[in-house]
Structures are given as C-alpha cells and as structure tokens.
>>> print(open('input-v3.cif').read())   # mmCIF, C-alpha atoms
data_query
#
loop_
_atom_site.label_atom_id
_atom_site.label_comp_id
_atom_site.auth_asym_id
_atom_site.auth_seq_id
_atom_site.Cartn_x
_atom_site.Cartn_y
_atom_site.Cartn_z
CA MET A 1 0.00 0.00 0.00
CA LYS A 2 2.78 2.39 0.94
CA GLN A 3 4.75 1.54 -2.21
CA THR A 4 1.67 2.23 -4.36
CA ARG A 5 1.22 5.60 -2.67
CA ILE A 6 4.86 6.51 -3.33
CA ILE A 7 4.58 5.56 -7.02
CA THR A 8 1.35 7.55 -7.35
CA GLU A 9 2.86 10.66 -5.77
CA ALA A 10 6.01 10.32 -7.89
CA ALA A 11 3.84 10.21 -11.01
CA ILE A 12 1.92 13.30 -9.89
CA PHE A 13 5.12 15.24 -9.17
CA LEU A 14 6.58 14.12 -12.50
CA ALA A 15 3.49 15.50 -14.24
CA ILE A 16 3.85 18.79 -12.32
CA TYR A 17 7.51 18.97 -13.30
CA SER A 18 6.64 18.34 -16.97
CA VAL A 19 4.17 21.24 -16.95
CA LEU A 20 6.67 23.57 -15.27
CA LEU A 21 9.38 22.56 -17.76
CA ALA A 22 7.05 23.17 -20.71
CA PHE A 23 6.16 26.63 -19.38
CA THR A 24 9.86 27.39 -18.87
CA LEU A 25 10.80 26.29 -22.39
CA PHE A 26 7.93 27.58 -24.49
CA ILE A 27 6.51 30.60 -22.63
CA PRO A 28 9.47 32.93 -21.94
CA ILE A 29 7.37 35.47 -20.06
CA PHE A 30 6.71 32.85 -17.34
CA SER A 31 10.12 31.17 -17.43
CA ILE A 32 11.71 33.64 -14.98
CA VAL A 33 9.23 32.47 -12.33
CA THR A 34 8.61 28.81 -13.25
CA MET A 35 12.34 28.09 -13.58
CA PHE A 36 12.89 28.41 -9.84
CA PHE A 37 10.07 25.94 -9.08
CA LEU A 38 11.60 23.18 -11.22
CA ALA A 39 13.51 21.78 -8.24
CA SER A 40 10.38 21.80 -6.03
CA PRO A 41 8.83 18.44 -7.09
CA PHE A 42 12.12 16.64 -6.36
CA ILE A 43 12.57 18.41 -3.01
CA ILE A 44 9.02 17.71 -1.85
CA LEU A 45 9.14 14.04 -2.88
CA ILE A 46 12.42 13.57 -1.01
CA MET A 47 11.00 15.27 2.06
CA ARG A 48 7.93 13.00 1.98
CA HIS A 49 9.45 9.65 0.99
CA GLY A 50 13.24 9.88 1.03
CA LEU A 51 15.94 9.97 -1.62
CA LYS A 52 15.37 6.50 -3.11
CA ALA A 53 11.77 7.31 -4.02
CA THR A 54 12.97 10.19 -6.19
CA ILE A 55 15.35 8.19 -8.41
CA PRO A 56 12.60 6.80 -10.73
CA MET A 57 11.18 10.31 -11.03
CA LEU A 58 14.62 11.57 -12.06
CA PHE A 59 14.82 9.05 -14.91
CA GLY A 60 11.26 9.91 -15.94
CA SER A 61 12.10 13.63 -16.07
CA LEU A 62 15.15 12.91 -18.25
CA ILE A 63 13.02 10.93 -20.73
CA ILE A 64 10.43 13.71 -20.89
CA SER A 65 13.21 16.26 -21.43
CA ILE A 66 14.52 14.30 -24.41
CA PHE A 67 11.09 14.44 -26.03
CA LEU A 68 10.55 18.14 -25.26
CA GLY A 69 13.92 19.13 -26.68
CA PRO A 70 17.25 17.60 -25.67
CA ILE A 71 19.33 20.67 -26.53
CA LEU A 72 17.53 22.93 -24.04
CA ALA A 73 15.32 20.73 -21.87
CA LEU A 74 17.94 18.14 -20.94
CA PRO A 75 20.54 20.58 -19.48
CA ILE A 76 17.77 22.38 -17.57
CA THR A 77 16.51 19.11 -16.10
CA LEU A 78 19.99 17.96 -15.14
CA MET A 79 20.61 21.34 -13.46
CA PHE A 80 17.41 21.69 -11.45
CA ALA A 81 16.78 18.00 -10.79
CA GLY A 82 20.34 17.56 -9.51
CA THR A 83 20.05 20.66 -7.37
CA GLY A 84 16.65 19.53 -6.08
CA LEU A 85 18.05 16.14 -5.07
CA ILE A 86 20.97 17.70 -3.17
CA MET A 87 18.94 20.42 -1.46
CA GLY A 88 16.10 18.01 -0.67
CA TYR A 89 18.53 15.56 0.93
CA PHE A 90 19.92 18.20 3.29
CA TYR A 91 16.44 19.58 4.02
CA LEU A 92 15.48 16.05 5.04
CA LYS A 93 18.47 16.09 7.43
CA ARG A 94 17.27 19.48 8.82
CA GLN A 95 20.42 21.20 7.56
CA PRO A 96 19.26 24.18 5.45
CA MET A 97 22.70 25.84 5.42
CA LEU A 98 24.24 22.72 3.89
CA ALA A 99 21.30 22.63 1.47
CA LEU A 100 22.15 26.20 0.42
CA THR A 101 25.83 25.32 0.07
CA GLY A 102 25.12 22.12 -1.84
CA GLY A 103 22.67 23.94 -4.10
CA THR A 104 25.29 26.58 -4.90
CA ILE A 105 27.86 23.92 -5.80
CA ALA A 106 25.33 22.01 -7.91
CA PHE A 107 24.34 25.13 -9.84
CA LEU A 108 27.99 26.09 -10.30
CA ILE A 109 28.91 22.67 -11.72
CA SER A 110 25.91 22.86 -14.07
CA PHE A 111 26.85 26.36 -15.25
CA VAL A 112 30.43 25.31 -15.97
CA ILE A 113 29.43 22.12 -17.80
CA ASN A 114 26.81 23.92 -19.90
CA TYR A 115 29.27 26.71 -20.74
CA VAL A 116 32.00 24.27 -21.78
CA VAL A 117 29.59 22.12 -23.81
CA SER A 118 28.13 25.16 -25.60
CA ILE A 119 31.63 26.20 -26.71
CA ALA A 120 32.99 22.72 -27.50
CA PHE A 121 30.00 21.29 -29.38
CA PHE A 122 28.00 24.28 -30.60
CA GLY A 123 30.71 26.93 -30.97
CA MET A 124 28.70 29.36 -28.82
CA ASP A 125 30.50 31.48 -26.26
CA VAL A 126 27.47 33.09 -24.66
CA PHE A 127 29.48 35.23 -22.26
CA GLY A 128 31.93 36.32 -24.96
CA GLU A 129 29.08 37.24 -27.30
CA LEU A 130 27.41 39.22 -24.52
CA LEU A 131 30.61 41.19 -23.96
CA GLU A 132 30.87 41.89 -27.68
CA GLU A 133 27.29 43.15 -27.70
CA MET A 134 28.05 45.42 -24.76
CA LYS A 135 31.17 46.73 -26.49
CA THR A 136 29.22 47.39 -29.70
CA SER A 137 26.46 49.21 -27.82
CA MET A 138 29.06 51.30 -26.00
CA ASN A 139 30.77 52.30 -29.26
CA GLN A 140 27.41 53.19 -30.80
CA ALA A 141 26.67 55.42 -27.82
CA PHE A 142 30.04 57.15 -28.24
CA ASP A 143 29.34 57.67 -31.94
CA LEU A 144 25.95 59.15 -31.08
CA PHE A 145 27.59 61.63 -28.73
CA SER A 146 30.03 62.56 -31.48
CA THR A 147 27.14 63.18 -33.90
CA PHE A 148 25.79 65.81 -31.52
CA GLY A 149 29.21 67.40 -31.17
CA GLN A 150 29.94 65.96 -27.73
CA GLU A 151 33.24 64.13 -27.83
CA VAL A 152 33.72 61.56 -25.08
CA PRO A 153 37.13 61.98 -23.40
CA ALA A 154 39.64 59.30 -24.35
CA ASP A 155 40.34 58.42 -20.71
CA ILE A 156 36.66 57.59 -20.13
CA ILE A 157 36.60 55.37 -23.23
CA ASP A 158 39.75 53.59 -22.06
CA GLU A 159 38.29 53.13 -18.58
CA MET A 160 35.06 51.59 -19.90
CA ASN A 161 37.00 49.28 -22.21
CA SER A 162 39.11 48.23 -19.23
CA GLN A 163 35.97 47.45 -17.25
CA LEU A 164 34.67 45.22 -20.05
CA GLU A 165 38.05 43.50 -20.21
CA LEU A 166 37.88 42.99 -16.45
CA LEU A 167 34.50 41.28 -16.81
CA SER A 168 36.06 38.72 -19.15
CA TYR A 169 38.69 37.93 -16.49
CA ILE A 170 36.28 37.50 -13.58
CA LEU A 171 33.96 35.06 -15.36
CA PRO A 172 34.67 32.33 -12.72
CA SER A 173 33.57 34.71 -9.95
CA ILE A 174 30.47 35.71 -11.91
CA LEU A 175 29.54 32.03 -12.23
CA VAL A 176 30.02 31.50 -8.48
CA VAL A 177 27.90 34.53 -7.58
CA SER A 178 25.21 33.51 -10.09
CA ALA A 179 25.13 29.99 -8.63
CA PHE A 180 24.72 31.41 -5.11
CA ILE A 181 21.89 33.71 -6.24
CA PHE A 182 20.12 30.78 -7.96
CA ALA A 183 20.49 28.70 -4.79
CA ILE A 184 19.14 31.52 -2.59
CA ILE A 185 16.09 32.04 -4.83
CA THR A 186 15.46 28.28 -4.99
CA HIS A 187 15.71 28.10 -1.19
CA LEU A 188 13.30 31.01 -0.68
CA THR A 189 10.68 29.66 -3.08
CA ASN A 190 10.81 26.15 -1.63
CA ARG A 191 10.88 27.47 1.91
CA LEU A 192 7.38 28.87 1.35
CA ILE A 193 6.14 25.61 -0.20
CA LEU A 194 7.62 23.37 2.51
CA LYS A 195 6.16 25.56 5.26
CA ARG A 196 2.78 25.42 3.55
CA LEU A 197 2.98 21.63 3.41
CA LYS A 198 4.15 21.57 7.05
CA LEU A 199 7.37 19.76 6.20
CA ASP A 200 10.14 20.45 8.71
CA PHE A 201 13.37 21.40 6.95
CA GLY A 202 15.18 23.04 9.88
CA SER A 203 15.85 26.75 10.29
CA LEU A 204 18.45 28.91 8.59
CA LYS A 205 20.25 31.49 10.70
CA PRO A 206 18.77 34.99 10.32
CA PHE A 207 20.88 37.14 8.02
CA LYS A 208 21.78 39.43 10.94
CA ASP A 209 23.64 36.49 12.54
CA TRP A 210 25.64 35.55 9.47
CA THR A 211 29.35 36.09 9.99
CA LEU A 212 32.51 35.01 8.19
CA PRO A 213 35.46 33.17 9.75
CA LYS A 214 38.15 35.59 10.92
CA SER A 215 40.61 33.83 8.62
CA MET A 216 38.92 35.68 5.72
CA LEU A 217 40.75 38.82 6.83
CA TRP A 218 44.11 37.10 6.35
CA TYR A 219 43.09 35.86 2.93
CA TYR A 220 42.01 39.36 1.97
CA LEU A 221 45.25 40.86 3.30
CA ALA A 222 47.28 38.30 1.34
CA ALA A 223 45.32 39.08 -1.82
CA ILE A 224 45.89 42.83 -1.39
CA ILE A 225 49.64 42.29 -0.90
CA LEU A 226 49.81 40.04 -3.98
CA GLY A 227 48.00 42.78 -5.87
CA PHE A 228 51.12 44.93 -5.64
CA LEU A 229 53.10 42.38 -7.65
CA ASP A 230 53.73 43.20 -11.28
CA LEU A 231 51.75 40.29 -12.74
CA GLN A 232 51.36 39.97 -16.48
CA GLU A 233 47.84 40.90 -17.54
CA GLY A 234 45.94 37.87 -18.77
CA SER A 235 48.25 35.36 -17.04
CA PHE A 236 46.84 32.60 -14.85
CA MET A 237 48.08 34.26 -11.63
CA TYR A 238 46.62 37.61 -12.69
CA ILE A 239 43.18 36.12 -13.41
CA ALA A 240 43.23 33.98 -10.25
CA LEU A 241 44.13 36.99 -8.09
CA LEU A 242 41.41 39.15 -9.66
CA ASN A 243 38.79 36.49 -8.95
CA MET A 244 40.07 35.97 -5.41
CA ILE A 245 39.86 39.70 -4.64
CA PHE A 246 36.42 39.98 -6.24
CA VAL A 247 34.94 37.11 -4.20
CA LEU A 248 36.56 38.26 -0.93
CA GLN A 249 35.34 41.82 -1.41
CA LEU A 250 31.84 40.52 -2.04
CA LEU A 251 31.96 38.36 1.11
CA LEU A 252 33.15 41.30 3.20
CA LEU A 253 30.36 43.41 1.73
CA LEU A 254 27.87 40.77 2.88
CA GLN A 255 29.52 40.87 6.32
CA GLY A 256 28.92 44.62 6.39
CA PHE A 257 25.29 44.24 5.37
CA SER A 258 24.82 41.56 8.01
CA PHE A 259 26.21 43.90 10.67
CA ILE A 260 23.80 46.65 9.59
CA PHE A 261 20.89 44.23 10.03
CA TYR A 262 22.31 43.23 13.43
CA TYR A 263 22.69 46.88 14.47
CA ARG A 264 19.09 47.57 13.44
CA HIS A 265 17.92 44.61 15.55
CA VAL A 266 19.89 45.63 18.66
CA LYS A 267 18.86 49.29 18.44
CA GLN A 268 15.29 48.36 17.45
CA LEU A 269 15.32 50.69 14.45
CA SER A 270 12.93 50.59 11.51
CA LYS A 271 13.17 47.42 9.41
CA GLY A 272 13.27 49.56 6.28
CA ILE A 273 16.64 51.15 7.15
CA PRO A 274 18.94 48.23 6.17
CA ILE A 275 16.85 47.65 3.02
CA LEU A 276 17.29 51.32 2.12
CA VAL A 277 21.05 51.04 2.73
CA ILE A 278 21.30 48.01 0.41
CA ILE A 279 19.34 49.72 -2.37
CA THR A 280 21.37 52.93 -2.03
CA SER A 281 24.65 50.99 -2.10
CA MET A 282 23.64 49.47 -5.46
CA ILE A 283 23.55 53.03 -6.84
CA LEU A 284 26.55 54.50 -5.00
CA PRO A 285 29.73 52.38 -5.27
CA LEU A 286 31.40 54.56 -2.62
CA LEU A 287 28.82 53.40 -0.08
CA GLN A 288 29.70 49.80 -0.94
CA ASP A 289 33.33 50.54 -0.05
CA LEU A 290 32.27 52.02 3.30
CA ILE A 291 30.06 49.01 4.08
CA ARG A 292 32.91 46.67 3.14
CA ILE A 293 35.20 48.54 5.55
CA LEU A 294 32.47 48.19 8.19
CA GLY A 295 32.45 44.44 7.53
CA ILE A 296 36.23 44.30 7.96
CA ILE A 297 36.03 46.20 11.26
CA ASP A 298 33.18 43.99 12.48
CA LEU A 299 35.14 40.86 11.64
CA GLY A 300 38.47 42.08 13.01
CA PHE A 301 37.30 43.84 16.18
CA ASP A 302 34.14 41.85 16.97
CA LEU A 303 31.83 44.85 16.86
CA ARG A 304 28.79 42.75 17.65
CA ASN A 305 30.02 41.72 21.10
CA ARG A 306 31.07 45.31 21.78
CA LEU A 307 27.61 46.46 20.70
CA LYS A 308 25.99 44.00 23.10
CA LYS A 309 28.04 45.32 25.97
#
>>> encode(input="input-v3.cif", output="structure tokens")
Amino acid sequence: MKQTRIITEAAIFLAIYSVLLAFTLFIPIFSIVTMFFLASPFIILIMRHGLKATIPMLFGSLIISIFLGPILALPITLMFAGTGLIMGYFYLKRQPMLALTGGTIAFLISFVINYVVSIAFFGMDVFGELLEEMKTSMNQAFDLFSTFGQEVPADIIDEMNSQLELLSYILPSILVVSAFIFAIITHLTNRLILKRLKLDFGSLKPFKDWTLPKSMLWYYLAAIILGFLDLQEGSFMYIALLNMIFVLQLLLLLQGFSFIFYYRHVKQLSKGIPILVIITSMILPLLQDLIRILGIIDLGFDLRNRLKK
C-alpha cells in the first residue's frame, strides 16, 4: 500500500515537473518564475518519501526532457533535478545551510558544464558574445555623442574598455555569484512551499547572525599584498588573483550588510533602514566601499560583542 502511494505521488510530481518545464521552455514570459520551481517536485518528494523514491522520477524527467527538446530541456533538467536532489537531501536532514551550500555547488557545476559544452560542441561562447554586444552598444553610444558634437574623453573610453576586459577575467567569480543567487532564490521559493505543506526542513540562521570566519581577513590581506606584484595581464596568476579579490570583497560586503541588520535589531530601528542602505549601495559604489570597511572592522574587532556590551 505504501509503495503504491509513493509511485502515485512520484507520477503526480513528474506531471507537475513536466508542466513547469514546458512553461519554462515555451513561454518565456513565465520562465523567470517557473524556472525556480523546477527543483520543487524533487525536493518535496524527497521530504515525503526519502531519496530512493525520487530516483525513478529523475529518470522519468530525463526521458520527458529528451522528447521536449534535448538541446535545451535536458541541461535544464539535469541542473534543477540535480540541485533539487541535493537540497532536498539536506532539508530532510534538517540542515538548510548545507542545502544552500550544496545547491550553490550544484548550480555552479551545471553552469560550468553547460558553458564548456556550448563552446565545444556548438561553438557558442554566450558570455563572450554578450561582452561583444556590450562593447558594440558602447561604441554606438560614443558615436551618437560625437554626432551631436559631444566628444567623449579618451580616458573615459579607455576606462570603460578596461571594465569590459575585467568582466572577461572575472567570469569564474560571476559564475560562483550567479550559482549562489540561484540557490538563494530556490531556497526562498521552496521554503514557502515546505512551510505550507508543514514539512520540517530546519531553520536557517537569520541574516543578521551571518558572519565570516576571521581567517577571511588574512586571505584578503594576502590578496591585497599580492595585488602589488607586477603580474602579467591575462596570465593565470593575474586572473586567479582578480577572482580571489572579487569574491573576498563581495563576502566582506555581505559581512557589512549583516552587521547593519544586526545593528538595526539591537537598536530596534525601523526594518526599512537596512533595506534602504542596500538599495542605495547598489547606486553609490562609494557606499559599498564604506560598508565593506564596516564588515572588515566587524570581523576584526568583533563589533557585535562590543555592541551587546
């Protein structure tokens, strides 16, 4: 009886997944939303019946993907089904932080594989083509300014070209950040569903309590010191250092944001203040630098304990 129930539920969730996948593939306007629910059927089935019960559903989803379109549907299924299996397993263990970490790694592996396959087998460098489009649009904008008699200074043109070149170097970091964002959104969407279904998946620490290991300061200091070396642009060490600094700066920025949320909680300020700070920092890069410094101070001098006292 129990086995029949499991098979029935697996078939229902497979049907739900098929509908979500079809919406994602063929109705682009909905794909931004439906895409992040693709992992949900796998997560829910694992939470209800364990990992083994989800394996037949995985094979079924792969077969459906082949019929819907192997070039697009199959990579999407492998990405979200694999992520759903990993996150669902850790949710079942009541370890949401490990689920978030595992989801990030799963998305990252999928991004890298899809990127390599698209170049090796289809000759499509999506990121490279995007950069070329950005460069073309930028040049067209400069030409438009020239048409109206407004010459753009050469140093500004050089600076913008340097920024585009920098983007090509930090592709690994962009993939890591993208994977983390995908994992966060997947967690948030499934968090609502699992709560609605009254499935216990543990509790994630509030963002105000997130803090990095103190060793991150030493890594950041080492990266800054290495930055003074005269490394050849485009070399492996140069690219590795750029990505290391980018990721560390982003982590320290998150540490700063976390402290702002903590400060708001301790001082019982309006909940809108940290949100306003985050939005403003997206517009003003200087504010990001200040928040990053705040994160460094918080990590190095334990501002939170001092604030408690």
>>> residues_around(input="input-v3.cif", residues="Ser65 in chain A", least_positions_apart="4", cutoff="8 Å", atoms="only C-alpha atoms", output="list of chain:residue names")
A:Ser61, A:Gly69, A:Pro70, A:Ala73, A:Leu74, A:Thr77
>>> residues_around(input="input-v3.cif", residues="range 252-266 of chain A", least_positions_apart="5", cutoff="8 Å", atoms="all atoms listed in the file", output="number ranges by chain")
A: 207-212, 271, 273-274, 278, 288-289, 291-296, 298-299, 304, 307-308
>>> closest_residue(input="input-v3.cif", among="A:Leu58, A:Leu164, A:Ala22, A:Met124", to="Met138 in chain A", atoms="all atoms listed in the file")
A:Leu164
>>> resolve_selection(input="input-v3.cif", expression="the PyMOL selection byres ((chain A and resi 33) around 12)", output="ChimeraX atom specification")
/A:20-21,23-25,27-32,34-38,182,185-186,189
>>> atom_distance(input="input-v3.cif", atom1="CA of Leu197 in chain A", atom2="CA of Thr101 in chain A")
23.4 Å
>>> atom_distance(input="input-v3.cif", atom1="CA of Val117 in chain A", atom2="CA of Glu129 in chain A")
15.5 Å
>>> resolve_selection(input="input-v3.cif", expression="the PyMOL selection byres ((chain A and resi 9) around 12)", output="list in words")
Lys2, Gln3, Thr4, Arg5, Ile6, Ile7, Thr8, Ala10, Ala11, Ile12, Phe13, Leu14, Ala15, Ile16, Pro41, Phe42, Ile44, Leu45, Ile46, Arg48, His49, Ala53, Thr54, Pro56 and Met57 of chain A
>>> write_last_selection(input="input-v3.cif", atoms="C-alpha atoms", output="tab-separated table (two decimals), in the frame of the given file")
chain	number	residue	atom	x	y	z
A	2	LYS	CA	2.78	2.39	0.94
A	3	GLN	CA	4.75	1.54	-2.21
A	4	THR	CA	1.67	2.23	-4.36
A	5	ARG	CA	1.22	5.60	-2.67
A	6	ILE	CA	4.86	6.51	-3.33
A	7	ILE	CA	4.58	5.56	-7.02
A	8	THR	CA	1.35	7.55	-7.35
A	10	ALA	CA	6.01	10.32	-7.89
A	11	ALA	CA	3.84	10.21	-11.01
A	12	ILE	CA	1.92	13.30	-9.89
A	13	PHE	CA	5.12	15.24	-9.17
A	14	LEU	CA	6.58	14.12	-12.50
A	15	ALA	CA	3.49	15.50	-14.24
A	16	ILE	CA	3.85	18.79	-12.32
A	41	PRO	CA	8.83	18.44	-7.09
A	42	PHE	CA	12.12	16.64	-6.36
A	44	ILE	CA	9.02	17.71	-1.85
A	45	LEU	CA	9.14	14.04	-2.88
A	46	ILE	CA	12.42	13.57	-1.01
A	48	ARG	CA	7.93	13.00	1.98
A	49	HIS	CA	9.45	9.65	0.99
A	53	ALA	CA	11.77	7.31	-4.02
A	54	THR	CA	12.97	10.19	-6.19
A	56	PRO	CA	12.60	6.80	-10.73
A	57	MET	CA	11.18	10.31	-11.03
>>> axis_aligned_box(input="input-v3.cif", around="range 237-248 of chain A", padding_each_side="3 Å", output="JSON")
{"center_x": 41.5, "center_y": 37.0, "center_z": -7.2, "size_x": 19.1, "size_y": 12.0, "size_z": 18.5}
>>> atom_distance(input="input-v3.cif", atom1="CA of Leu62 in chain A", atom2="CA of Leu92 in chain A")
23.5 Å
>>> closest_residue(input="input-v3.cif", among="A:Phe90, A:Phe59, A:Phe180, A:Phe246", to="Ile224 in chain A", atoms="all atoms listed in the file")
A:Phe246
>>> resolve_selection(input="input-v3.cif", expression="the PyMOL selection byres ((chain A and resi 183) around 9)", output="PDB file with C-alpha atoms, in the coordinates of the input")
ATOM      1  CA  THR A  83      20.050  20.660  -7.370  1.00  0.00           C
ATOM      2  CA  ALA A  99      21.300  22.630   1.470  1.00  0.00           C
ATOM      3  CA  LEU A 100      22.150  26.200   0.420  1.00  0.00           C
ATOM      4  CA  THR A 101      25.830  25.320   0.070  1.00  0.00           C
ATOM      5  CA  GLY A 102      25.120  22.120  -1.840  1.00  0.00           C
ATOM      6  CA  GLY A 103      22.670  23.940  -4.100  1.00  0.00           C
ATOM      7  CA  THR A 104      25.290  26.580  -4.900  1.00  0.00           C
ATOM      8  CA  ILE A 105      27.860  23.920  -5.800  1.00  0.00           C
ATOM      9  CA  ALA A 106      25.330  22.010  -7.910  1.00  0.00           C
ATOM     10  CA  PHE A 107      24.340  25.130  -9.840  1.00  0.00           C
ATOM     11  CA  SER A 178      25.210  33.510 -10.090  1.00  0.00           C
ATOM     12  CA  ALA A 179      25.130  29.990  -8.630  1.00  0.00           C
ATOM     13  CA  PHE A 180      24.720  31.410  -5.110  1.00  0.00           C
ATOM     14  CA  ILE A 181      21.890  33.710  -6.240  1.00  0.00           C
ATOM     15  CA  PHE A 182      20.120  30.780  -7.960  1.00  0.00           C
ATOM     16  CA  ILE A 184      19.140  31.520  -2.590  1.00  0.00           C
ATOM     17  CA  ILE A 185      16.090  32.040  -4.830  1.00  0.00           C
ATOM     18  CA  THR A 186      15.460  28.280  -4.990  1.00  0.00           C
ATOM     19  CA  HIS A 187      15.710  28.100  -1.190  1.00  0.00           C
ATOM     20  CA  LEU A 188      13.300  31.010  -0.680  1.00  0.00           C
TER      21      LEU A 188
END
>>> closest_residue(input="input-v3.cif", among="A:Met244, A:Asn161, A:Ser168, A:Met237", to="Leu130 in chain A", atoms="all atoms listed in the file")
A:Ser168
>>> closest_residue(input="input-v3.cif", among="A:Leu248, A:Ala141, A:Gly234, A:Asp200", to="Ser173 in chain A", atoms="only C-alpha atoms")
A:Leu248
>>> closest_residue(input="input-v3.cif", among="A:Ile283, A:Leu231, A:Leu290, A:Val19", to="Gln249 in chain A", atoms="only C-alpha atoms")
A:Leu290
>>> closest_residue(input="input-v3.cif", among="A:Met160, A:Ser281, A:Asp155, A:Val126", to="Asn139 in chain A", atoms="only C-alpha atoms")
A:Met160
